Amino acid sequence: MAGEAPDYFQPEGGVVLTHLLIVRDVDRSREFYQRVLGATVVRERQPAILRFHNSYIVINSEGGPTDDKPDVQAQAPRDSRTLSGAMNIRVTDVRAVHEQWRSRGGEFLTEPKDHGGEIRCYLRDPDGYLIELGQGTGILAEMGRATTA
């Protein structure tokens with residue numbers, strides 16, 4: 001998981017893609033992403049912004065419409081069993097990262113599972129957002145790229 005994120009507030013090339021999470025408790029979620037995933041806090045709140053390797057996670061609280069989205073409600077997931085979006089994180093050694101995040105308090109649904117094309121496992125954040133942690137294996141061979149698994 002190498003690479004640095006561009007400057008969030010003034011990205012080189014004029015664009016940076018982030019992942020926005022609407023949460024019930026910004027402080028709790030910021031602490032989870034910092035402690036478990038090792039993200040770096042760039043801004044504490046309104047919204048909280050964390051650098052995660054070569055990208056950013058933006059965390060904001062629930063709320064009603066605003067002048068630029070007049071009929072939109074911002075809400076955290078109501079049901080952790082319904083998937084409508086997930087953060088997908090690819091690494092070179094899924095088992096090592098799984099163990100590191102587990103030791104920091106991450107609660108995974110299962111151990112890493114080998115699905116032929118990839119090895120993957122999932123954990124949830126405090127609001128129930130699903131985070132997929134995976135490592136390409138067989139899919140790299142299909143693409144003619146060497147694997148380290």
# chains A, B, ... in the order shown; residues from 1 in each chain; ligands from 1
call {"tool": "residues_around", "arguments": {"residues": "A:Cys121", "least_positions_apart": "2", "cutoff": "9 Å", "atoms": "only C-alpha atoms", "output": "PyMOL selection string"}}
result
chain A and resi 94+98+108-113+119+123+131-134
call {"tool": "write_last_selection", "arguments": {"atoms": "C-alpha atoms", "output": "short mmCIF file (atom, residue, chain, number, x, y, z; two decimals), in the first residue's frame"}}
result
data_model
loop_
_atom_site.label_atom_id
_atom_site.label_comp_id
_atom_site.auth_asym_id
_atom_site.auth_seq_id
_atom_site.Cartn_x
_atom_site.Cartn_y
_atom_site.Cartn_z
CA VAL A 94 -3.90 -9.46 2.69
CA HIS A 98 -5.70 -8.50 8.21
CA PHE A 108 -13.60 -9.04 10.55
CA LEU A 109 -16.57 -11.07 9.37
CA THR A 110 -14.21 -13.96 8.44
CA GLU A 111 -10.55 -14.76 8.00
CA PRO A 112 -9.14 -14.01 4.50
CA LYS A 113 -10.72 -16.44 2.00
CA ILE A 119 -7.99 -13.46 -1.47
CA LEU A 123 -14.69 -5.77 8.28
CA ILE A 131 -14.69 -2.50 4.07
CA GLU A 132 -13.34 -5.11 1.66
CA LEU A 133 -9.68 -5.97 2.11
CA GLY A 134 -8.29 -7.95 -0.80
#
call {"tool": "select_by_dssp", "arguments": {"residues": "stretch 7-134 of chain A", "states": "helix (DSSP H, G or I)", "output": "list in words"}}
result
Glu12, Gly13, Gly14, Val26, Asp27, Arg28, Ser29, Arg30, Glu31, Phe32, Tyr33, Gln34, Arg35, Val94, Arg95, Ala96, Val97, His98, Glu99, Gln100, Trp101, Arg102 and Ser103 of chain A
call {"tool": "closest_residue", "arguments": {"among": "A:Asp25, A:Asp93, A:Asp79, A:Glu107", "to": "A:Gly128", "atoms": "only C-alpha atoms"}}
result
A:Asp79
call {"tool": "closest_residue", "arguments": {"among": "A:Gly85, A:Pro65, A:Gly144, A:Gly38", "to": "A:His53", "atoms": "only C-alpha atoms"}}
result
A:Gly38
call {"tool": "closest_residue", "arguments": {"among": "A:Leu130, A:Ile22, A:Ile57, A:Ala5", "to": "A:Thr82", "atoms": "only C-alpha atoms"}}
result
A:Leu130
call {"tool": "residues_around", "arguments": {"residues": "A:Val58", "least_positions_apart": "6", "cutoff": "7 Å", "atoms": "only C-alpha atoms", "output": "JSON, numbers by chain"}}
result
{"A": [18, 19, 20, 21, 47, 48, 49, 50]}
call {"tool": "write_last_selection", "arguments": {"atoms": "N, CA and C atoms", "output": "compact mmCIF listing (two decimals), in the first residue's frame"}}
result
# COMPACT_ATOMS: atom_id res chain seq x y z
N THR A 18 -12.21 11.16 -3.44
CA THR A 18 -12.27 10.75 -2.04
C THR A 18 -13.47 9.84 -1.83
N HIS A 19 -13.54 9.24 -0.67
CA HIS A 19 -14.70 8.44 -0.30
C HIS A 19 -15.37 9.13 0.89
N LEU A 20 -16.64 9.55 0.72
CA LEU A 20 -17.40 10.23 1.76
C LEU A 20 -18.22 9.21 2.54
N LEU A 21 -18.14 9.30 3.86
CA LEU A 21 -18.96 8.47 4.74
C LEU A 21 -19.82 9.38 5.60
N PRO A 47 -15.98 18.79 7.52
CA PRO A 47 -15.95 17.36 7.81
C PRO A 47 -14.56 16.93 8.29
N ALA A 48 -14.50 15.75 8.89
CA ALA A 48 -13.20 15.15 9.21
C ALA A 48 -12.62 14.63 7.89
N ILE A 49 -11.32 14.82 7.70
CA ILE A 49 -10.65 14.35 6.49
C ILE A 49 -9.43 13.56 6.93
N LEU A 50 -9.31 12.34 6.42
CA LEU A 50 -8.17 11.48 6.75
C LEU A 50 -7.47 11.05 5.47
call {"tool": "select_by_dssp", "arguments": {"residues": "stretch 29-102 of chain A", "states": "strand (DSSP E or B)", "output": "list in words"}}
result
Thr40, Val41, Val42, Arg43, Ala48, Ile49, Leu50, Arg51, Phe52, Ser55, Tyr56, Ile57, Val58, Ile59, Asn60, Ser61, Gly63, Thr66, Lys69, Ala74, Ala86, Met87, Asn88, Ile89 and Arg90 of chain A
call {"tool": "residues_around", "arguments": {"residues": "A:Ser80", "least_positions_apart": "2", "cutoff": "10 Å", "atoms": "only C-alpha atoms", "output": "PDB file with N, CA and C atoms, in the first residue's frame"}}
result
ATOM      1  N   ALA A  76     -26.397   7.845   7.800  1.00  0.00           N
ATOM      2  CA  ALA A  76     -25.561   6.646   7.904  1.00  0.00           C
ATOM      3  C   ALA A  76     -26.428   5.431   7.585  1.00  0.00           C
ATOM      4  N   PRO A  77     -25.819   4.296   7.254  1.00  0.00           N
ATOM      5  CA  PRO A  77     -26.606   3.096   6.968  1.00  0.00           C
ATOM      6  C   PRO A  77     -27.510   2.734   8.147  1.00  0.00           C
ATOM      7  N   ARG A  78     -28.733   2.360   7.851  1.00  0.00           N
ATOM      8  CA  ARG A  78     -29.675   1.965   8.905  1.00  0.00           C
ATOM      9  C   ARG A  78     -29.587   0.479   9.211  1.00  0.00           C
ATOM     10  N   THR A  82     -27.425  -4.693   4.734  1.00  0.00           N
ATOM     11  CA  THR A  82     -27.755  -4.280   3.377  1.00  0.00           C
ATOM     12  C   THR A  82     -26.571  -3.521   2.795  1.00  0.00           C
ATOM     13  N   LEU A  83     -26.064  -3.996   1.675  1.00  0.00           N
ATOM     14  CA  LEU A  83     -24.903  -3.367   1.048  1.00  0.00           C
ATOM     15  C   LEU A  83     -25.354  -2.443  -0.074  1.00  0.00           C
ATOM     16  N   SER A  84     -25.022  -1.166   0.059  1.00  0.00           N
ATOM     17  CA  SER A  84     -25.305  -0.211  -1.008  1.00  0.00           C
ATOM     18  C   SER A  84     -24.030   0.455  -1.493  1.00  0.00           C
ATOM     19  N   ARG A 124     -16.257  -4.253   9.313  1.00  0.00           N
ATOM     20  CA  ARG A 124     -17.199  -3.143   9.352  1.00  0.00           C
ATOM     21  C   ARG A 124     -16.633  -2.023  10.218  1.00  0.00           C
ATOM     22  N   ASP A 125     -16.989  -0.786   9.838  1.00  0.00           N
ATOM     23  CA  ASP A 125     -16.633   0.343  10.685  1.00  0.00           C
ATOM     24  C   ASP A 125     -17.735   0.522  11.728  1.00  0.00           C
ATOM     25  N   PRO A 126     -17.609   1.499  12.634  1.00  0.00           N
ATOM     26  CA  PRO A 126     -18.598   1.646  13.704  1.00  0.00           C
ATOM     27  C   PRO A 126     -20.028   1.912  13.236  1.00  0.00           C
ATOM     28  N   ASP A 127     -20.225   2.441  12.030  1.00  0.00           N
ATOM     29  CA  ASP A 127     -21.572   2.704  11.523  1.00  0.00           C
ATOM     30  C   ASP A 127     -22.103   1.579  10.658  1.00  0.00           C
ATOM     31  N   GLY A 128     -21.312   0.525  10.448  1.00  0.00           N
ATOM     32  CA  GLY A 128     -21.761  -0.602   9.659  1.00  0.00           C
ATOM     33  C   GLY A 128     -21.311  -0.578   8.211  1.00  0.00           C
ATOM     34  N   TYR A 129     -20.507   0.428   7.821  1.00  0.00           N
ATOM     35  CA  TYR A 129     -19.983   0.433   6.459  1.00  0.00           C
ATOM     36  C   TYR A 129     -19.071  -0.774   6.281  1.00  0.00           C
ATOM     37  N   LEU A 130     -19.209  -1.441   5.160  1.00  0.00           N
ATOM     38  CA  LEU A 130     -18.405  -2.614   4.852  1.00  0.00           C
ATOM     39  C   LEU A 130     -17.098  -2.173   4.195  1.00  0.00           C
TER      40      LEU A 130
END
call {"tool": "closest_residue", "arguments": {"among": "A:Ser55, A:Thr66, A:Ser29, A:Asn88", "to": "A:Tyr122", "atoms": "only C-alpha atoms"}}
result
A:Asn88
call {"tool": "atom_distance", "arguments": {"atom1": "atom CA of A:Arg102", "atom2": "atom CA of A:Thr40"}}
result
18.3 Å
call {"tool": "atom_distance", "arguments": {"atom1": "atom CA of A:Asp7", "atom2": "atom CA of A:Val72"}}
result
28.4 Å
call {"tool": "closest_residue", "arguments": {"among": "A:Arg35, A:Arg81, A:Arg45, A:Arg90", "to": "A:Ser103", "atoms": "only C-alpha atoms"}}
result
A:Arg35
